[in-house]
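S.K.: My structure is in entry.pdb, and what it holds is PDB, C-alpha atoms, pLDDT in the B column:
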ATOM      1  CA  MET A   1      -9.415  22.468  14.635  1.00 45.00           C
ATOM      2  CA  LYS A   2      -7.827  19.016  14.759  1.00 50.00           C
ATOM      3  CA  ALA A   3      -9.915  17.822  11.829  1.00 46.00           C
ATOM      4  CA  LYS A   4      -8.984  20.900   9.790  1.00 45.00           C
ATOM      5  CA  ILE A   5      -5.265  20.347  10.325  1.00 50.00           C
ATOM      6  CA  LEU A   6      -5.584  16.702   9.375  1.00 51.00           C
ATOM      7  CA  PHE A   7      -7.670  17.534   6.329  1.00 46.00           C
ATOM      8  CA  PHE A   8      -5.068  20.086   5.217  1.00 51.00           C
ATOM      9  CA  PHE A   9      -2.327  17.488   5.685  1.00 53.00           C
ATOM     10  CA  LEU A  10      -4.130  14.986   3.500  1.00 52.00           C
ATOM     11  CA  LEU A  11      -4.921  17.560   0.830  1.00 47.00           C
ATOM     12  CA  THR A  12      -1.405  18.916   0.530  1.00 54.00           C
ATOM     13  CA  SER A  13       0.500  15.645   0.583  1.00 53.00           C
ATOM     14  CA  SER A  14       0.647  13.668  -2.634  1.00 56.00           C
ATOM     15  CA  VAL A  15      -1.713  16.099  -4.361  1.00 57.00           C
ATOM     16  CA  ALA A  16      -1.115  14.774  -7.872  1.00 62.00           C
ATOM     17  CA  LEU A  17      -1.734  11.195  -6.831  1.00 65.00           C
ATOM     18  CA  ALA A  18      -4.813  12.161  -4.830  1.00 69.00           C
ATOM     19  CA  GLN A  19      -6.261  13.691  -8.003  1.00 85.00           C
ATOM     20  CA  THR A  20      -5.687  10.467  -9.923  1.00 92.00           C
ATOM     21  CA  GLU A  21      -8.949   8.786 -10.853  1.00 96.00           C
ATOM     22  CA  TYR A  22      -9.848   5.200 -10.160  1.00 97.00           C
ATOM     23  CA  GLY A  23      -9.929   2.971 -13.201  1.00 97.00           C
ATOM     24  CA  ALA A  24     -11.109  -0.573 -13.780  1.00 97.00           C
ATOM     25  CA  ASN A  25     -10.266  -3.029 -11.017  1.00 98.00           C
ATOM     26  CA  ILE A  26      -6.992  -4.897 -11.184  1.00 98.00           C
ATOM     27  CA  SER A  27      -7.516  -8.359 -12.658  1.00 98.00           C
ATOM     28  CA  LEU A  28      -6.563 -11.496 -10.794  1.00 98.00           C
ATOM     29  CA  ALA A  29      -3.948 -12.204 -13.481  1.00 98.00           C
ATOM     30  CA  ASP A  30      -2.336  -8.790 -12.998  1.00 98.00           C
ATOM     31  CA  ALA A  31      -2.560  -9.088  -9.198  1.00 98.00           C
ATOM     32  CA  LYS A  32      -0.652 -12.367  -9.442  1.00 98.00           C
ATOM     33  CA  LYS A  33       1.994 -10.719 -11.668  1.00 98.00           C
ATOM     34  CA  VAL A  34       2.456  -7.873  -9.185  1.00 98.00           C
ATOM     35  CA  ALA A  35       2.700 -10.309  -6.282  1.00 98.00           C
ATOM     36  CA  ALA A  36       5.133 -12.558  -8.169  1.00 98.00           C
ATOM     37  CA  ALA A  37       7.453  -9.631  -8.918  1.00 98.00           C
ATOM     38  CA  ALA A  38       7.281  -8.458  -5.307  1.00 98.00           C
ATOM     39  CA  GLU A  39       7.922 -11.980  -4.047  1.00 98.00           C
ATOM     40  CA  ALA A  40      10.874 -12.454  -6.412  1.00 98.00           C
ATOM     41  CA  HIS A  41      12.466  -9.329  -4.989  1.00 98.00           C
ATOM     42  CA  ALA A  42      11.849 -10.469  -1.412  1.00 98.00           C
ATOM     43  CA  VAL A  43      13.268 -13.921  -2.145  1.00 98.00           C
ATOM     44  CA  SER A  44      16.371 -12.368  -3.731  1.00 98.00           C
ATOM     45  CA  LYS A  45      16.989 -10.603  -0.417  1.00 98.00           C
ATOM     46  CA  LYS A  46      16.053 -13.685   1.648  1.00 97.00           C
ATOM     47  CA  TRP A  47      13.117 -11.781   3.148  1.00 98.00           C
ATOM     48  CA  ALA A  48       9.829 -13.395   4.197  1.00 98.00           C
ATOM     49  CA  VAL A  49       6.732 -11.255   3.635  1.00 98.00           C
ATOM     50  CA  VAL A  50       2.991 -11.181   3.203  1.00 98.00           C
ATOM     51  CA  ILE A  51       1.775  -9.539  -0.005  1.00 98.00           C
ATOM     52  CA  ALA A  52      -1.805  -8.293  -0.326  1.00 98.00           C
ATOM     53  CA  ILE A  53      -3.415  -6.878  -3.455  1.00 98.00           C
ATOM     54  CA  VAL A  54      -6.772  -5.062  -3.302  1.00 98.00           C
ATOM     55  CA  ASP A  55      -9.044  -3.656  -6.003  1.00 98.00           C
ATOM     56  CA  THR A  56     -10.342  -0.085  -6.256  1.00 98.00           C
ATOM     57  CA  GLY A  57     -12.999  -0.849  -3.662  1.00 97.00           C
ATOM     58  CA  GLY A  58     -10.368  -1.994  -1.176  1.00 97.00           C
ATOM     59  CA  ASN A  59     -11.503  -5.603  -1.579  1.00 98.00           C
ATOM     60  CA  LEU A  60      -8.910  -8.352  -1.361  1.00 98.00           C
ATOM     61  CA  VAL A  61      -8.019  -9.771  -4.780  1.00 98.00           C
ATOM     62  CA  TYR A  62      -4.896 -11.757  -3.917  1.00 98.00           C
ATOM     63  CA  LEU A  63      -2.985 -12.622  -0.753  1.00 98.00           C
ATOM     64  CA  GLN A  64       0.138 -14.672  -0.234  1.00 98.00           C
ATOM     65  CA  LYS A  65       2.222 -15.417   2.833  1.00 98.00           C
ATOM     66  CA  GLN A  66       5.726 -16.740   2.471  1.00 97.00           C
ATOM     67  CA  ASP A  67       6.815 -19.495   4.814  1.00 96.00           C
ATOM     68  CA  GLY A  68       8.226 -18.154   8.042  1.00 95.00           C
ATOM     69  CA  THR A  69       6.448 -14.791   7.893  1.00 97.00           C
ATOM     70  CA  GLN A  70       4.868 -13.679  11.148  1.00 96.00           C
ATOM     71  CA  ILE A  71       1.127 -14.304  11.334  1.00 97.00           C
ATOM     72  CA  GLY A  72       0.330 -10.699  12.311  1.00 97.00           C
ATOM     73  CA  SER A  73       1.577  -9.524   8.927  1.00 98.00           C
ATOM     74  CA  LEU A  74      -1.465 -11.066   7.214  1.00 98.00           C
ATOM     75  CA  GLU A  75      -3.769  -8.333   8.508  1.00 97.00           C
ATOM     76  CA  VAL A  76      -1.159  -5.577   8.377  1.00 97.00           C
ATOM     77  CA  ALA A  77      -0.428  -6.151   4.665  1.00 98.00           C
ATOM     78  CA  GLN A  78      -4.137  -6.000   3.856  1.00 98.00           C
ATOM     79  CA  PHE A  79      -4.578  -2.845   5.937  1.00 97.00           C
ATOM     80  CA  LYS A  80      -1.656  -1.186   4.149  1.00 97.00           C
ATOM     81  CA  ALA A  81      -3.121  -2.047   0.739  1.00 98.00           C
ATOM     82  CA  LYS A  82      -6.586  -0.767   1.704  1.00 98.00           C
ATOM     83  CA  THR A  83      -5.151   2.474   3.081  1.00 96.00           C
ATOM     84  CA  ALA A  84      -3.085   3.128  -0.063  1.00 97.00           C
ATOM     85  CA  ASN A  85      -6.108   2.481  -2.255  1.00 97.00           C
ATOM     86  CA  ASN A  86      -8.718   4.316  -0.224  1.00 95.00           C
ATOM     87  CA  PHE A  87      -6.629   7.445   0.294  1.00 94.00           C
ATOM     88  CA  LYS A  88      -4.953   7.328  -3.149  1.00 95.00           C
ATOM     89  CA  ARG A  89      -1.464   7.625  -1.708  1.00 94.00           C
ATOM     90  CA  SER A  90       1.415   5.689  -0.270  1.00 95.00           C
ATOM     91  CA  THR A  91       1.075   4.771   3.386  1.00 93.00           C
ATOM     92  CA  LYS A  92       4.472   6.425   3.831  1.00 93.00           C
ATOM     93  CA  VAL A  93       2.637   9.759   3.602  1.00 90.00           C
ATOM     94  CA  PHE A  94       0.820   8.894   6.820  1.00 86.00           C
ATOM     95  CA  GLN A  95       3.997   7.632   8.473  1.00 87.00           C
ATOM     96  CA  ASP A  96       5.770  10.874   7.563  1.00 86.00           C
ATOM     97  CA  GLY A  97       2.757  12.808   8.852  1.00 80.00           C
ATOM     98  CA  LEU A  98       3.324  11.337  12.295  1.00 79.00           C
ATOM     99  CA  ALA A  99       6.711  13.039  12.388  1.00 76.00           C
ATOM    100  CA  GLU A 100       4.908  16.338  11.886  1.00 76.00           C
ATOM    101  CA  SER A 101       1.993  15.704  14.206  1.00 70.00           C
ATOM    102  CA  PRO A 102       0.604  12.730  16.141  1.00 69.00           C
ATOM    103  CA  ARG A 103      -2.839  13.890  14.992  1.00 66.00           C
ATOM    104  CA  ALA A 104      -2.355  11.713  11.917  1.00 61.00           C
ATOM    105  CA  LEU A 105      -3.153   8.799  14.207  1.00 66.00           C
ATOM    106  CA  SER A 106      -6.742   9.974  14.429  1.00 67.00           C
ATOM    107  CA  ILE A 107      -7.533   9.218  10.780  1.00 76.00           C
ATOM    108  CA  THR A 108     -10.114   6.448  10.718  1.00 79.00           C
ATOM    109  CA  ASN A 109      -9.317   3.302   8.737  1.00 87.00           C
ATOM    110  CA  ALA A 110      -5.757   4.240   7.848  1.00 88.00           C
ATOM    111  CA  ILE A 111      -2.435   2.751   8.870  1.00 90.00           C
ATOM    112  CA  ALA A 112       0.523   5.080   9.285  1.00 89.00           C
ATOM    113  CA  VAL A 113       3.263   2.596   8.385  1.00 92.00           C
ATOM    114  CA  GLU A 114       4.907   2.524   4.980  1.00 96.00           C
ATOM    115  CA  GLY A 115       4.566  -0.550   2.795  1.00 98.00           C
ATOM    116  CA  GLY A 116       1.303   0.261   1.002  1.00 98.00           C
ATOM    117  CA  GLU A 117       1.322   1.659  -2.534  1.00 98.00           C
ATOM    118  CA  PRO A 118      -1.417   2.438  -5.077  1.00 98.00           C
ATOM    119  CA  ILE A 119      -1.185   0.417  -8.298  1.00 98.00           C
ATOM    120  CA  ILE A 120      -1.477   2.702 -11.318  1.00 97.00           C
ATOM    121  CA  SER A 121      -2.112   1.568 -14.891  1.00 97.00           C
ATOM    122  CA  ASN A 122      -2.614   3.955 -17.798  1.00 95.00           C
ATOM    123  CA  GLY A 123      -2.748   6.878 -15.364  1.00 95.00           C
ATOM    124  CA  LYS A 124      -5.531   5.409 -13.212  1.00 97.00           C
ATOM    125  CA  ILE A 125      -5.547   3.659  -9.857  1.00 97.00           C
ATOM    126  CA  ILE A 126      -6.565   0.029 -10.360  1.00 98.00           C
ATOM    127  CA  GLY A 127      -5.925  -1.147  -6.798  1.00 98.00           C
ATOM    128  CA  ALA A 128      -3.085  -1.245  -4.304  1.00 98.00           C
ATOM    129  CA  ILE A 129      -0.403  -3.476  -2.843  1.00 98.00           C
ATOM    130  CA  GLY A 130       0.448  -3.880   0.805  1.00 98.00           C
ATOM    131  CA  VAL A 131       3.531  -5.671   2.100  1.00 98.00           C
ATOM    132  CA  SER A 132       4.350  -6.597   5.680  1.00 98.00           C
ATOM    133  CA  GLY A 133       6.922  -8.670   7.494  1.00 98.00           C
ATOM    134  CA  LEU A 134      10.033  -6.511   7.417  1.00 97.00           C
ATOM    135  CA  LYS A 135      11.182  -3.037   8.424  1.00 97.00           C
ATOM    136  CA  ALA A 136       8.780  -0.501   6.937  1.00 96.00           C
ATOM    137  CA  ALA A 137      11.236   0.791   4.315  1.00 97.00           C
ATOM    138  CA  GLU A 138      11.949  -2.781   3.203  1.00 98.00           C
ATOM    139  CA  ASP A 139       8.214  -3.476   2.909  1.00 98.00           C
ATOM    140  CA  THR A 140       8.014  -0.477   0.568  1.00 98.00           C
ATOM    141  CA  GLU A 141      10.983  -1.741  -1.438  1.00 98.00           C
ATOM    142  CA  VAL A 142       9.208  -5.058  -1.985  1.00 98.00           C
ATOM    143  CA  ALA A 143       5.916  -3.332  -2.868  1.00 98.00           C
ATOM    144  CA  LYS A 144       7.613  -1.083  -5.428  1.00 98.00           C
ATOM    145  CA  ALA A 145       9.309  -4.097  -7.016  1.00 98.00           C
ATOM    146  CA  GLY A 146       5.813  -5.459  -7.596  1.00 98.00           C
ATOM    147  CA  LEU A 147       4.607  -2.190  -9.108  1.00 98.00           C
ATOM    148  CA  ALA A 148       7.330  -2.329 -11.754  1.00 97.00           C
ATOM    149  CA  VAL A 149       5.404  -4.938 -13.796  1.00 97.00           C
ATOM    150  CA  ILE A 150       2.347  -2.716 -14.318  1.00 96.00           C
ATOM    151  CA  LYS A 151       2.398  -0.130 -17.101  1.00 82.00           C
TER
END
Can I see the file as structure tokens?

M.R.:
Amino acid sequence: MKAKILFFFLLTSSVALAQTEYGANISLADAKKVAAAAEAHAVSKKWAVVIAIVDTGGNLVYLQKQDGTQIGSLEVAQFKAKTANNFKRSTKVFQDGLAESPRALSITNAIAVEGGEPIISNGKIIGAIGVSGLKAAEDTEVAKAGLAVIK
């Protein structure tokens, strides 16, 4: 029963995005552009973060840690990016799911903290960004600033 409820939750949340197909992997050049835009936003707010970019296989393409960012955020940012890519949705969906039911915690290989976002280009997922180091909503703000450079 637990698995059915969880499956229903995943199917009904972010349905349009979940139906989005994977495209070609994000290039290193584009990963650097996304990270630079995200970093510029963080710097403008005087925030220190880790930014991770993964490809469609969830493999790390680019990682940067700003000076002063907590060490634990290195793994968290990568985990957020992998979750957003692998489940084709923002990690906020999982965080919001916890408010509905703690069963969302039982999903294997997913983090239920916002700050991970799929990267979409020409209607296809090309990877994902994960940001860590701040409050969850601020991590998302930084991640979305990075997404703005991809068309």

S.K.: Using only the atoms of range 111-115 of chain A listed in the file, plus 8 Å on each side, state the axis-aligned box centre and edge lengths in Å rounded to one decimal, as lines of an AutoDock Vina configuration file.

M.R.:
center_x = 1.2
center_y = 2.3
center_z = 6.0
size_x = 23.3
size_y = 21.6
size_z = 22.5

S.K.: Please identify every residue of range 11-73 of chain A that has at least one atom no farther than 9 Å from an atom of range 126-145 of chain A, counting only C-alpha atoms, and for each give the shortest atom pair and the distance in Å to one decimal, arranged by chain then increasing number, as a Markdown table.

M.R.:
| residue | atom | partner | partner_atom | distance |
| --- | --- | --- | --- | --- |
| A:Tyr22 | CA | A:Ile126 | CA | 6.1 |
| A:Gly23 | CA | A:Ile126 | CA | 5.3 |
| A:Ala24 | CA | A:Ile126 | CA | 5.7 |
| A:Asn25 | CA | A:Ile126 | CA | 4.8 |
| A:Ile26 | CA | A:Ile126 | CA | 5.0 |
| A:Ser27 | CA | A:Ile126 | CA | 8.7 |
| A:Ala31 | CA | A:Ile129 | CA | 8.7 |
| A:Val34 | CA | A:Ala145 | CA | 8.1 |
| A:Ala35 | CA | A:Ile129 | CA | 8.3 |
| A:Ala37 | CA | A:Ala145 | CA | 6.1 |
| A:Ala38 | CA | A:Ala145 | CA | 5.1 |
| A:Glu39 | CA | A:Val142 | CA | 7.3 |
| A:Ala40 | CA | A:Ala145 | CA | 8.5 |
| A:His41 | CA | A:Val142 | CA | 6.2 |
| A:Ala42 | CA | A:Val142 | CA | 6.0 |
| A:Trp47 | CA | A:Leu134 | CA | 7.5 |
| A:Ala48 | CA | A:Gly133 | CA | 6.5 |
| A:Val49 | CA | A:Gly133 | CA | 4.6 |
| A:Val50 | CA | A:Ser132 | CA | 5.4 |
| A:Ile51 | CA | A:Val131 | CA | 4.7 |
| A:Ala52 | CA | A:Gly130 | CA | 5.1 |
| A:Ile53 | CA | A:Ile129 | CA | 4.6 |
| A:Val54 | CA | A:Gly127 | CA | 5.3 |
| A:Asp55 | CA | A:Gly127 | CA | 4.1 |
| A:Thr56 | CA | A:Gly127 | CA | 4.6 |
| A:Gly57 | CA | A:Gly127 | CA | 7.7 |
| A:Gly58 | CA | A:Gly127 | CA | 7.2 |
| A:Asn59 | CA | A:Gly127 | CA | 8.8 |
| A:Thr69 | CA | A:Gly133 | CA | 6.2 |
| A:Gln70 | CA | A:Gly133 | CA | 6.5 |
| A:Ile71 | CA | A:Gly133 | CA | 8.9 |
| A:Gly72 | CA | A:Gly133 | CA | 8.4 |
| A:Ser73 | CA | A:Ser132 | CA | 5.2 |

S.K.: Using only C-alpha atoms, please write the residues we just selected to a file, as a JSON list (two decimals), keeping the file's coordinate frame.

M.R.:
[["chain", "number", "residue", "atom", "x", "y", "z"],
["A", 22, "TYR", "CA", -9.85, 5.20, -10.16],
["A", 23, "GLY", "CA", -9.93, 2.97, -13.20],
["A", 24, "ALA", "CA", -11.11, -0.57, -13.78],
["A", 25, "ASN", "CA", -10.27, -3.03, -11.02],
["A", 26, "ILE", "CA", -6.99, -4.90, -11.18],
["A", 27, "SER", "CA", -7.52, -8.36, -12.66],
["A", 31, "ALA", "CA", -2.56, -9.09, -9.20],
["A", 34, "VAL", "CA", 2.46, -7.87, -9.18],
["A", 35, "ALA", "CA", 2.70, -10.31, -6.28],
["A", 37, "ALA", "CA", 7.45, -9.63, -8.92],
["A", 38, "ALA", "CA", 7.28, -8.46, -5.31],
["A", 39, "GLU", "CA", 7.92, -11.98, -4.05],
["A", 40, "ALA", "CA", 10.87, -12.45, -6.41],
["A", 41, "HIS", "CA", 12.47, -9.33, -4.99],
["A", 42, "ALA", "CA", 11.85, -10.47, -1.41],
["A", 47, "TRP", "CA", 13.12, -11.78, 3.15],
["A", 48, "ALA", "CA", 9.83, -13.40, 4.20],
["A", 49, "VAL", "CA", 6.73, -11.26, 3.64],
["A", 50, "VAL", "CA", 2.99, -11.18, 3.20],
["A", 51, "ILE", "CA", 1.78, -9.54, 0.00],
["A", 52, "ALA", "CA", -1.80, -8.29, -0.33],
["A", 53, "ILE", "CA", -3.42, -6.88, -3.46],
["A", 54, "VAL", "CA", -6.77, -5.06, -3.30],
["A", 55, "ASP", "CA", -9.04, -3.66, -6.00],
["A", 56, "THR", "CA", -10.34, -0.08, -6.26],
["A", 57, "GLY", "CA", -13.00, -0.85, -3.66],
["A", 58, "GLY", "CA", -10.37, -1.99, -1.18],
["A", 59, "ASN", "CA", -11.50, -5.60, -1.58],
["A", 69, "THR", "CA", 6.45, -14.79, 7.89],
["A", 70, "GLN", "CA", 4.87, -13.68, 11.15],
["A", 71, "ILE", "CA", 1.13, -14.30, 11.33],
["A", 72, "GLY", "CA", 0.33, -10.70, 12.31],
["A", 73, "SER", "CA", 1.58, -9.52, 8.93]]

S.K.: Counting only C-alpha atoms, which residue out of A:Ser101, A:Lys88, A:Val113, A:Lys151 sits closest to Glu21 in chain A?

M.R.: A:Lys88

S.K.: Quick one: distance from CA of Ala81 in chain A to CA of Gly116 in chain A in Å, one decimal?

M.R.: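 Going from CA of Ala81 in chain A over to CA of Gly116 in chain A, I get 5.0 Å.
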
S.K.: Mind giving me the straight-line distance from CA of Lys65 in chain A to CA of Ala77 in chain A in Å, one decimal?

M.R.: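 Between CA of Lys65 in chain A and CA of Ala77 in chain A the gap is 9.8 Å.
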
S.K.: If we count all atoms listed in the file, what is near Ala112 in chain A at a cut-off of 9 Å, once residues fewer than 3 positions away on the same chain are taken out, given as a PyMOL selection string?

M.R.: chain A and resi 80+83+91-98+104-105

S.K.: Quick check, in Å to one decimal: how far apart do CA of Phe87 in chain A and CA of Ala36 in chain A lie?

M.R.: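 CA of Ala36 in chain A lies at a distance of 24.7 Å from CA of Phe87 in chain A.
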